[in-house]
>>> print(open('run.txt').read())   # compact mmCIF, C-alpha atoms and all ligand atoms
# COMPACT_ATOMS: atom_id res chain seq x y z
CA MET A 1 144.46 160.35 -127.28
CA LYS A 2 146.68 163.17 -125.95
CA SER A 3 150.21 163.56 -127.18
CA CYS A 4 153.36 164.19 -125.21
CA LEU A 5 156.80 165.17 -126.45
CA VAL A 6 159.53 163.91 -124.15
CA VAL A 7 162.65 166.05 -124.42
CA ASP A 8 165.68 164.67 -122.62
CA ASP A 9 169.24 163.86 -123.64
CA SER A 10 169.15 160.68 -121.59
CA LYS A 11 167.80 157.75 -123.52
CA VAL A 12 167.03 155.95 -120.27
CA ILE A 13 164.91 158.81 -118.94
CA ARG A 14 163.05 159.03 -122.25
CA LYS A 15 162.33 155.34 -122.08
CA VAL A 16 161.06 155.48 -118.50
CA ALA A 17 158.90 158.52 -119.26
CA ARG A 18 157.56 156.94 -122.44
CA HIS A 19 156.59 153.82 -120.55
CA ILE A 20 154.68 155.75 -117.88
CA LEU A 21 153.04 158.03 -120.43
CA GLU A 22 151.90 155.13 -122.57
CA THR A 23 150.24 153.46 -119.61
CA LEU A 24 148.48 156.82 -119.09
CA ASN A 25 147.26 156.55 -122.67
CA PHE A 26 149.46 159.21 -124.27
CA SER A 27 150.98 158.98 -127.71
CA VAL A 28 154.65 159.75 -127.18
CA GLN A 29 157.28 161.49 -129.31
CA GLU A 30 160.90 161.92 -128.27
CA ALA A 31 163.61 164.49 -128.79
CA GLY A 32 167.20 164.46 -127.50
CA ASP A 33 167.67 168.23 -127.27
CA GLY A 34 165.83 171.55 -127.55
CA ARG A 35 166.49 172.11 -131.22
CA GLU A 36 165.18 168.70 -132.18
CA ALA A 37 162.18 169.39 -129.96
CA LEU A 38 161.40 172.60 -131.87
CA THR A 39 161.45 170.65 -135.14
CA ARG A 40 159.05 168.10 -133.62
CA CYS A 41 156.76 170.94 -132.56
CA GLU A 42 156.78 172.40 -136.06
CA GLU A 43 155.74 169.04 -137.50
CA HIS A 44 153.14 168.26 -134.88
CA MET A 45 152.34 170.33 -131.83
CA PRO A 46 151.92 168.03 -128.79
CA ASP A 47 149.44 168.69 -125.99
CA VAL A 48 152.23 168.65 -123.46
CA VAL A 49 156.03 168.77 -123.43
CA LEU A 50 158.04 167.03 -120.72
CA LEU A 51 161.26 169.01 -120.66
CA ASP A 52 164.73 168.36 -119.29
CA TRP A 53 166.90 171.31 -118.22
CA ASN A 54 170.45 170.38 -119.20
CA MET A 55 170.90 169.11 -122.73
CA PRO A 56 173.52 169.57 -125.46
CA VAL A 57 172.84 171.79 -128.51
CA MET A 58 169.86 173.54 -126.93
CA GLY A 59 168.87 173.33 -123.27
CA GLY A 60 165.40 173.32 -121.79
CA MET A 61 165.23 177.02 -120.91
CA GLU A 62 166.27 178.17 -124.36
CA PHE A 63 163.76 175.80 -125.92
CA LEU A 64 161.00 177.07 -123.66
CA ARG A 65 161.71 180.76 -124.32
CA THR A 66 161.90 180.16 -128.07
CA LEU A 67 158.70 178.13 -128.03
CA ARG A 68 156.77 180.77 -126.09
CA GLN A 69 157.98 183.55 -128.45
CA ARG A 70 156.93 181.73 -131.61
CA SER A 71 153.46 182.39 -132.95
CA PHE A 72 152.33 178.80 -133.19
CA GLU A 73 148.62 178.21 -133.61
CA SER A 74 148.51 176.57 -130.23
CA GLN A 75 150.93 176.40 -127.33
CA PRO A 76 151.50 173.15 -125.47
CA LYS A 77 151.61 172.80 -121.72
CA VAL A 78 155.21 172.54 -120.59
CA VAL A 79 156.24 170.45 -117.62
CA PHE A 80 159.89 170.74 -116.64
CA CYS A 81 161.39 167.47 -115.50
CA THR A 82 164.85 167.92 -114.08
CA THR A 83 167.32 167.33 -111.29
CA GLU A 84 167.61 171.12 -110.84
CA ASN A 85 165.53 170.90 -107.70
CA ASP A 86 165.96 174.21 -105.94
CA ALA A 87 163.50 177.05 -105.59
CA ALA A 88 165.56 179.46 -107.74
CA HIS A 89 165.51 177.14 -110.77
CA ILE A 90 161.83 176.43 -110.27
CA ARG A 91 160.98 180.15 -110.15
CA ALA A 92 163.03 180.82 -113.27
CA ALA A 93 161.21 178.04 -115.12
CA ILE A 94 157.79 179.40 -114.15
CA ASP A 95 158.82 182.92 -115.18
CA ALA A 96 159.89 181.57 -118.57
CA GLY A 97 156.47 180.04 -119.12
CA ALA A 98 156.58 176.54 -117.66
CA ASP A 99 153.23 175.26 -116.39
CA GLU A 100 154.50 172.63 -114.00
CA TYR A 101 157.69 171.20 -112.60
CA VAL A 102 158.72 167.66 -111.81
CA MET A 103 161.79 167.17 -109.66
CA LYS A 104 163.78 164.08 -110.60
CA PRO A 105 163.74 161.34 -109.59
CA PHE A 106 160.05 160.96 -110.26
CA ASP A 107 157.57 158.12 -110.27
CA ARG A 108 154.34 157.36 -112.02
CA GLU A 109 152.14 159.00 -109.37
CA THR A 110 154.10 162.24 -109.48
CA LEU A 111 153.98 162.48 -113.25
CA GLU A 112 150.31 161.57 -113.42
CA SER A 113 149.49 164.10 -110.73
CA LYS A 114 151.32 166.91 -112.55
CA LEU A 115 149.67 166.05 -115.87
CA GLN A 116 146.30 166.24 -114.14
CA ILE A 117 147.18 169.62 -112.67
CA VAL A 118 147.94 171.07 -116.11
CA GLY A 119 144.76 169.50 -117.40
CA VAL A 120 146.01 166.95 -119.93
CA ALA A 121 145.48 163.73 -117.97
CA MET B 1 160.91 136.35 -93.84
CA GLU B 2 157.74 134.35 -93.34
CA VAL B 3 154.88 135.14 -91.04
CA SER B 4 152.81 132.33 -89.59
CA ALA B 5 149.02 132.22 -89.76
CA ALA B 6 148.90 132.46 -85.98
CA SER B 7 150.95 135.66 -86.03
CA THR B 8 148.79 137.12 -88.75
CA ARG B 9 145.74 136.49 -86.58
CA VAL B 10 147.36 138.13 -83.57
CA LEU B 11 148.35 141.15 -85.61
CA SER B 12 145.00 141.61 -87.30
CA SER B 13 143.03 141.30 -84.09
CA MET B 14 145.34 143.75 -82.37
CA LEU B 15 144.97 146.19 -85.25
CA GLU B 16 141.21 145.89 -85.24
CA GLN B 17 140.96 146.31 -81.50
CA ARG B 18 143.08 149.45 -81.50
CA THR B 19 141.85 151.14 -84.66
CA GLY B 20 138.78 149.32 -85.97
CA GLN B 21 140.71 148.61 -89.16
CA GLN B 22 140.47 145.15 -90.61
CA LEU B 23 143.56 143.87 -92.29
CA ALA B 24 142.54 143.68 -95.92
CA MET B 25 143.46 140.48 -97.72
CA SER B 26 145.33 142.61 -100.22
CA ARG B 27 147.50 143.91 -97.42
CA GLN B 28 148.22 140.68 -95.59
CA TRP B 29 151.21 139.86 -97.73
CA ARG B 30 152.49 143.32 -96.89
CA ILE B 31 152.78 142.48 -93.20
CA GLU B 32 156.13 140.92 -93.87
CA THR B 33 157.42 143.85 -95.86
CA VAL B 34 156.28 146.59 -93.52
CA LEU B 35 157.39 144.90 -90.33
CA GLN B 36 160.78 143.73 -91.52
CA SER B 37 162.55 146.96 -90.68
CA LEU B 38 161.12 146.80 -87.17
CA VAL B 39 162.31 143.23 -86.76
CA ARG B 40 165.78 144.32 -87.83
CA ALA B 41 165.86 147.49 -85.75
CA ARG B 42 164.95 145.52 -82.64
CA GLY B 43 167.24 142.61 -83.44
CA LEU B 44 164.36 140.19 -83.03
CA GLY B 45 165.43 137.78 -85.74
CA SER B 46 161.98 136.79 -86.93
CA LEU B 47 158.53 138.19 -87.39
CA ASP B 48 157.01 135.62 -85.10
CA ARG B 49 159.34 136.75 -82.33
CA LEU B 50 158.29 140.34 -82.95
CA VAL B 51 154.64 139.33 -82.69
CA HIS B 52 155.44 137.39 -79.55
CA ALA B 53 157.12 140.43 -77.97
CA VAL B 54 154.12 142.60 -78.84
CA ALA B 55 151.59 140.06 -77.61
CA ALA B 56 153.44 139.75 -74.29
CA GLY B 57 152.45 143.37 -73.77
CA GLY B 58 155.57 144.61 -71.99
CA ASP B 59 156.53 147.12 -74.67
CA PRO B 60 153.81 149.62 -75.53
CA ALA B 61 156.13 151.63 -77.79
CA LEU B 62 156.82 148.52 -79.86
CA ALA B 63 153.11 147.79 -80.10
CA ASP B 64 152.47 151.35 -81.28
CA ALA B 65 155.18 151.04 -83.89
CA VAL B 66 153.70 147.78 -85.17
CA ILE B 67 150.21 149.26 -85.42
CA ASP B 68 151.52 152.35 -87.21
CA ALA B 69 153.38 150.19 -89.68
CA LEU B 70 150.26 148.17 -90.45
CA LEU B 71 148.08 151.20 -91.13
CA ASN B 72 147.76 152.39 -94.69
CA ASN B 73 148.50 156.10 -94.59
CA GLU B 74 148.67 156.87 -98.25
CA THR B 75 147.60 160.43 -99.02
CA SER B 76 148.41 163.44 -101.15
CA PHE B 77 147.72 167.14 -101.45
CA TYR B 78 144.31 167.93 -102.96
CA ARG B 79 143.67 164.21 -103.37
CA ASP B 80 140.78 163.83 -105.81
CA ARG B 81 140.99 167.37 -107.14
CA ASN B 82 137.34 167.49 -108.22
CA SER B 83 136.09 166.84 -104.70
CA PHE B 84 138.26 169.65 -103.37
CA GLU B 85 136.97 171.98 -106.05
CA LEU B 86 133.43 171.22 -104.92
CA LEU B 87 134.25 171.67 -101.28
CA LEU B 88 136.28 174.84 -101.64
CA GLY B 89 134.00 176.28 -104.32
CA PRO B 90 130.23 176.01 -103.93
CA ALA B 91 130.15 174.28 -100.52
CA MET B 92 132.41 176.88 -98.91
CA ALA B 93 130.49 179.76 -100.52
CA ARG B 94 127.26 178.41 -99.01
CA LEU B 95 128.88 178.04 -95.61
CA GLU B 96 130.23 181.56 -95.84
CA GLN B 97 126.66 182.80 -96.31
CA ALA B 98 125.33 180.68 -93.47
CA ARG B 99 128.00 181.87 -91.03
CA THR B 100 128.13 185.60 -91.79
CA ARG B 101 127.13 186.35 -88.19
CA GLU B 102 129.42 183.98 -86.33
CA ARG B 103 132.29 184.46 -88.79
CA ARG B 104 133.70 181.16 -87.67
CA ILE B 105 134.22 177.91 -89.55
CA SER B 106 135.39 174.72 -87.89
CA ILE B 107 136.89 172.00 -90.04
CA TRP B 108 137.86 168.50 -88.99
CA SER B 109 140.15 166.30 -91.04
CA ALA B 110 139.48 162.91 -89.43
CA GLY B 111 142.10 160.33 -90.36
CA CYS B 112 144.44 163.04 -91.63
CA SER B 113 147.47 160.80 -92.05
CA THR B 114 150.56 162.97 -92.63
CA GLY B 115 148.57 166.18 -92.96
CA GLN B 116 148.36 166.88 -96.69
CA GLU B 117 144.55 167.03 -96.61
CA ALA B 118 144.43 169.60 -93.81
CA TYR B 119 147.25 171.69 -95.26
CA SER B 120 145.51 171.72 -98.65
CA ILE B 121 142.60 173.47 -96.99
CA ALA B 122 144.81 175.76 -94.92
CA MET B 123 146.60 176.87 -98.10
CA TRP B 124 143.32 177.65 -99.78
CA PHE B 125 142.27 179.97 -96.97
CA ALA B 126 145.73 181.54 -96.73
CA GLU B 127 145.56 182.41 -100.41
CA ARG B 128 142.26 184.23 -99.88
CA LYS B 129 143.07 186.40 -96.90
CA ALA B 130 140.99 189.37 -98.03
CA ARG B 131 137.86 187.27 -98.37
CA TRP B 132 138.20 185.74 -94.92
CA VAL B 133 139.43 188.76 -93.00
CA GLY B 134 137.75 188.88 -89.59
CA TRP B 135 136.89 185.16 -89.71
CA THR B 136 138.17 182.46 -87.41
CA ILE B 137 139.05 179.38 -89.42
CA ASP B 138 139.69 176.49 -87.09
CA ILE B 139 141.24 173.42 -88.68
CA LEU B 140 141.66 170.32 -86.56
CA ALA B 141 143.37 167.27 -88.02
CA THR B 142 143.48 163.95 -86.21
CA ASP B 143 144.81 160.47 -86.77
CA VAL B 144 145.22 157.34 -84.70
CA SER B 145 148.83 157.00 -85.86
CA ARG B 146 151.27 158.99 -83.77
CA THR B 147 153.97 158.62 -86.41
CA ALA B 148 151.67 160.20 -88.98
CA VAL B 149 150.60 163.00 -86.66
CA ASP B 150 154.23 163.76 -85.75
CA GLN B 151 155.14 164.13 -89.41
CA ALA B 152 152.05 166.22 -90.08
CA ARG B 153 152.94 168.53 -87.23
CA SER B 154 156.52 168.88 -88.46
CA GLY B 155 155.23 169.88 -91.88
CA LEU B 156 158.21 168.12 -93.43
CA TYR B 157 157.69 166.28 -96.72
CA SER B 158 159.96 164.31 -99.00
CA GLN B 159 160.41 165.37 -102.59
CA PHE B 160 157.97 162.66 -103.67
CA GLU B 161 155.31 163.69 -101.16
CA VAL B 162 155.52 167.39 -101.88
CA GLN B 163 155.01 166.91 -105.60
CA ARG B 164 151.96 164.69 -105.35
CA GLY B 165 148.84 166.70 -106.08
CA LEU B 166 150.42 170.02 -105.23
CA PRO B 167 150.79 172.60 -108.02
CA VAL B 168 154.35 173.87 -108.23
CA THR B 169 153.29 177.49 -107.72
CA GLN B 170 151.78 176.54 -104.37
CA MET B 171 154.83 174.49 -103.46
CA ILE B 172 157.10 177.45 -104.12
CA ARG B 173 154.87 179.78 -102.19
CA TRP B 174 154.21 177.72 -99.07
CA PHE B 175 157.25 175.45 -98.65
CA GLU B 176 160.92 176.02 -98.07
CA GLU B 177 163.75 173.71 -99.01
CA SER B 178 165.05 171.59 -96.20
CA PRO B 179 168.20 169.42 -96.01
CA GLY B 180 168.04 165.98 -97.60
CA ALA B 181 165.75 166.86 -100.52
CA ASN B 182 162.88 167.64 -98.18
CA TRP B 183 160.47 170.52 -98.16
CA ARG B 184 158.97 172.09 -95.05
CA ILE B 185 155.69 173.92 -94.97
CA LEU B 186 155.93 177.53 -93.75
CA PRO B 187 155.24 178.27 -90.07
CA GLU B 188 152.20 180.36 -91.00
CA LEU B 189 150.47 177.25 -92.34
CA ARG B 190 151.77 174.98 -89.62
CA ARG B 191 150.13 177.31 -87.12
CA ALA B 192 146.87 177.20 -89.05
CA VAL B 193 146.25 173.51 -88.31
CA ARG B 194 145.97 171.77 -84.94
CA PHE B 195 147.12 168.16 -85.11
CA GLU B 196 146.10 165.63 -82.48
CA VAL B 197 146.32 161.89 -81.98
CA HIS B 198 142.75 160.63 -81.85
CA SER B 199 140.95 157.44 -82.77
CA LEU B 200 137.58 157.48 -84.47
CA MET B 201 136.71 154.63 -82.12
CA ASN B 202 136.54 157.27 -79.36
CA PRO B 203 134.11 160.19 -78.95
CA ALA B 204 134.77 163.13 -81.25
CA PRO B 205 137.24 165.81 -80.17
CA SER B 206 136.03 169.32 -79.37
CA PRO B 207 134.59 171.72 -80.49
CA ALA B 208 132.23 168.89 -81.54
CA ARG B 209 130.29 171.23 -83.78
CA PHE B 210 132.20 171.04 -87.00
CA ASP B 211 130.97 172.77 -90.13
CA VAL B 212 133.06 170.62 -92.41
CA ILE B 213 134.20 167.07 -91.74
CA LEU B 214 136.57 165.22 -94.02
CA CYS B 215 136.76 161.51 -93.36
CA ARG B 216 138.37 160.12 -96.44
CA ASN B 217 139.75 156.70 -97.21
CA VAL B 218 139.51 155.76 -93.55
CA LEU B 219 136.13 154.01 -93.34
CA LEU B 220 137.08 151.56 -96.08
CA TYR B 221 138.55 148.93 -93.80
CA PHE B 222 136.10 149.22 -90.92
CA SER B 223 133.57 146.46 -90.36
CA ASP B 224 129.97 147.49 -91.12
CA GLN B 225 129.27 147.72 -87.44
CA VAL B 226 132.25 149.95 -86.65
CA ARG B 227 131.45 152.08 -89.69
CA ARG B 228 127.92 152.68 -88.44
CA ILE B 229 129.20 153.74 -85.04
CA VAL B 230 131.77 156.06 -86.59
CA PHE B 231 129.17 157.64 -88.88
CA ALA B 232 126.98 158.26 -85.83
CA ARG B 233 129.90 159.89 -84.02
CA LEU B 234 130.63 162.08 -87.02
CA ALA B 235 126.99 163.12 -87.13
CA GLU B 236 127.03 164.03 -83.46
CA ALA B 237 130.14 166.12 -83.99
CA ALA B 238 128.63 167.92 -86.98
CA ALA B 239 126.77 171.22 -87.07
CA PRO B 240 123.17 170.77 -88.29
CA ASP B 241 124.09 171.99 -91.79
CA ALA B 242 127.58 170.50 -91.86
CA VAL B 243 129.21 169.15 -94.99
CA LEU B 244 130.83 165.72 -95.01
CA MET B 245 133.49 164.85 -97.55
CA LEU B 246 134.37 161.21 -98.10
CA GLY B 247 136.98 159.64 -100.35
CA ALA B 248 136.29 159.14 -104.02
CA GLY B 249 134.26 155.96 -104.30
CA GLU B 250 133.02 156.11 -100.70
CA THR B 251 129.39 156.80 -99.91
CA VAL B 252 126.93 157.15 -97.06
CA ILE B 253 124.23 155.40 -99.01
CA GLY B 254 123.15 152.25 -97.23
CA GLN B 255 125.66 152.99 -94.46
CA THR B 256 124.02 155.59 -92.25
CA PRO B 257 120.79 157.53 -92.03
CA ALA B 258 122.61 160.50 -90.53
CA PHE B 259 123.97 161.96 -93.78
CA VAL B 260 122.45 162.40 -97.23
CA SER B 261 123.77 163.48 -100.60
CA ASP B 262 124.29 167.22 -100.82
CA PRO B 263 121.76 168.37 -103.41
CA ASP B 264 123.86 171.42 -104.36
CA CYS B 265 127.20 169.64 -104.49
CA ARG B 266 126.94 166.16 -105.84
CA GLY B 267 129.68 164.03 -104.34
CA LEU B 268 129.54 165.71 -100.96
CA TYR B 269 127.14 164.88 -98.12
CA ILE B 270 125.22 166.91 -95.59
CA ARG B 271 123.93 166.02 -92.19
CA ARG B 272 120.26 165.24 -92.01
CA PRO B 273 119.19 166.66 -88.64
CA ASP B 274 115.93 164.70 -88.45
CA ALA B 275 117.78 161.41 -88.85
CA LEU B 276 119.74 161.79 -85.67
CA PRO B 277 117.07 160.94 -83.08
CA ALA B 278 116.06 157.98 -85.20
CA TYR B 279 119.59 156.68 -85.07
CA ARG B 280 119.75 157.20 -81.32
CA ALA B 281 116.49 155.37 -80.86
CA ALA B 282 117.82 152.51 -82.93
CA SER B 283 121.13 152.17 -81.12
C1 LIG C 1 144.60 156.07 -96.35
S1 LIG C 1 144.83 157.30 -95.13
C2 LIG C 1 143.84 158.62 -95.76
C3 LIG C 1 144.38 159.98 -95.45
C4 LIG C 1 143.55 161.12 -96.00
N1 LIG C 1 142.29 161.24 -95.28
C5 LIG C 1 143.30 160.94 -97.47
O1 LIG C 1 142.20 160.58 -97.86
O2 LIG C 1 144.22 161.16 -98.27
C6 LIG C 1 143.88 156.64 -93.77
C7 LIG C 1 144.31 157.17 -92.40
O3 LIG C 1 143.32 156.81 -91.46
C8 LIG C 1 143.96 156.55 -90.22
N2 LIG C 1 143.08 155.74 -89.36
C9 LIG C 1 142.81 154.43 -89.43
N3 LIG C 1 141.99 154.04 -88.44
C10 LIG C 1 141.72 155.16 -87.71
C11 LIG C 1 140.95 155.42 -86.55
N4 LIG C 1 140.28 154.45 -85.93
N5 LIG C 1 140.92 156.68 -86.09
C12 LIG C 1 141.60 157.68 -86.70
N6 LIG C 1 142.36 157.48 -87.79
C13 LIG C 1 142.42 156.24 -88.31
C14 LIG C 1 145.24 155.86 -90.64
O4 LIG C 1 146.22 155.95 -89.63
C15 LIG C 1 145.62 156.63 -91.92
O5 LIG C 1 146.51 157.66 -91.63
MG MG C 2 169.95 166.15 -119.15
>>> encode(input="run.txt", output="structure tokens")
Amino acid sequence: MKSCLVVDDSKVIRKVARHILETLNFSVQEAGDGREALTRCEEHMPDVVLLDWNMPVMGGMEFLRTLRQRSFESQPKVVFCTTENDAAHIRAAIDAGADEYVMKPFDRETLESKLQIVGVA
Amino acid sequence: MEVSAASTRVLSSMLEQRTGQQLAMSRQWRIETVLQSLVRARGLGSLDRLVHAVAAGGDPALADAVIDALLNNETSFYRDRNSFELLLGPAMARLEQARTRERRISIWSAGCSTGQEAYSIAMWFAERKARWVGWTIDILATDVSRTAVDQARSGLYSQFEVQRGLPVTQMIRWFEESPGANWRILPELRRAVRFEVHSLMNPAPSPARFDVILCRNVLLYFSDQVRRIVFARLAEAAAPDAVLMLGAGETVIGQTPAFVSDPDCRGLYIRRPDALPAYRAAS
């Protein structure tokens, strides 16, 4: 079973994502901001991180840059999942080390398709 | 909004006559849903009145709209990734060898819906310009649904459509943002594909010597008889060593003698030249 860490400050989004991911047979962990997500990664590195952009305490970009700089044994795939839906944001995310990008709102097919593209589904 | 059994019969026979598609049981309940907006737009009040207006035959545009609404045109970019990897990997390398003299490859996406399948292939070639320099890559994409072909030609996709199956790096490279959360494919790719309205019930379009034919998730709802005819048409339109790509879960086995499993690329099919006269003799 693959694991996914859902990082989003919206409880509703986390719940929706969790539901979809569980039907896709993922074990799901949640974090409400980037700092909490880093702690989760230290405890248990997921196969993939679903990452919001705007969050209190630590946003998605800062989390991603920090994650990619750390010398963890393994690096997860990172799929941004955000309402920042313009080309400039998407390019910035890819440059910072994101593997895929989901523009909100999303549905099950979109998420599944992106997880397949990064090779975890 | 209820639809009577009589109306359902009228609609399904009209659909089959025009497109060969049988209305699957699983889709019958959808008639109501998909036609409701048409009923409203035309102020017809009920589905039965819509069916009546169509059956009367005075409004070809309305009939087209009804048929288009009944067709299932679900698709996505690189749908069934593994099949595309086979086609664009080993199958295309073999074709490249076989066509070094002509330096021309003709591809037909038959039942292309809104164009994602054809554009997936066009993108692949566009990303390998050096390899294909001096080659003519002709991509024809056809569908019986004018609505679908119009969208395909426009290259305009909603946020949902553009994300399905398409890696974000390719989206960023080949699409530009368009008002209303849409994304439009770049002119370079739009020019790389010819879109035409065409029914597989009719003879194949030219050049009628395709090296690659994709006919995916179209044959599903044909009757056995129509499917046999369509397979024969595809075979006639195929070069002797052409590759046929069907949808995941579709097969030629037990359906047609004209194509056999591709021994080098399991999951794809190739034309069997010797089977063609046999089919002709049998028909
Ligand atoms: C489910 S879509 C598949 C699209 C694409 N080939 C794919 O696999 O993703 C089937 C398409 O076949 C088209 N179709 C149905 N009957 C047809 C016919 N007789 N001739 C041409 N296209 C047809 C429909 O309009 C629809 O767009
Ligand atoms: Mg947020």
>>> residues_near_ligand(input="run.txt", ligand="ligand MG 2 (chain C)", cutoff="6 Å", atoms="all atoms listed in the file", output="PyMOL selection string")
chain A and resi 8-9+52+54-55
>>> atom_distance(input="run.txt", atom1="CA of Ile105 (chain B)", atom2="CA of Phe210 (chain B)")
7.6 Å
>>> closest_atom_pairs(input="run.txt", of="chain B", to="chain A", cutoff="6 Å", atoms="all atoms listed in the file", output="Markdown table")
| residue | atom | partner | partner_atom | distance |
| --- | --- | --- | --- | --- |
| B:Arg164 | CA | A:Thr110 | CA | 5.3 |
| B:Gly165 | CA | A:Ser113 | CA | 5.4 |
| B:Val168 | CA | A:Glu100 | CA | 5.9 |
>>> atom_distance(input="run.txt", atom1="CA of Arg68 (chain A)", atom2="CA of Arg81 (chain B)")
28.1 Å
>>> closest_residue(input="run.txt", among="B:Tyr269, B:Phe231, B:Phe222, B:Trp124", to="ligand LIG 1 (chain C)", atoms="all atoms listed in the file")
B:Phe222
>>> atom_distance(input="run.txt", atom1="CA of Lys2 (chain A)", atom2="CA of Arg18 (chain A)")
13.0 Å
>>> residues_around(input="run.txt", residues="Val10 (chain B)", least_positions_apart="3", cutoff="12 Å", atoms="only C-alpha atoms", output="ChimeraX atom specification")
/B:3-7,13-17,23,31,47-48,50-56,63,66-67
>>> residues_near_ligand(input="run.txt", ligand="ligand LIG 1 (chain C)", cutoff="6 Å", atoms="only C-alpha atoms and all ligand atoms", output="number ranges by chain")
B: 19-21, 71-76, 79, 111-113, 143-145, 198-201, 215-218, 247
>>> closest_residue(input="run.txt", among="A:Ala17, A:Gln69, A:Gly59, A:Ser27", to="Met1 (chain A)", atoms="only C-alpha atoms")
A:Ser27
>>> residues_near_point(input="run.txt", point="(166.5, 168.4, -114.2)", cutoff="6 Å", atoms="only C-alpha atoms", output="list in words")
Asp52, Trp53, Cys81, Thr82, Thr83 and Glu84 of chain A
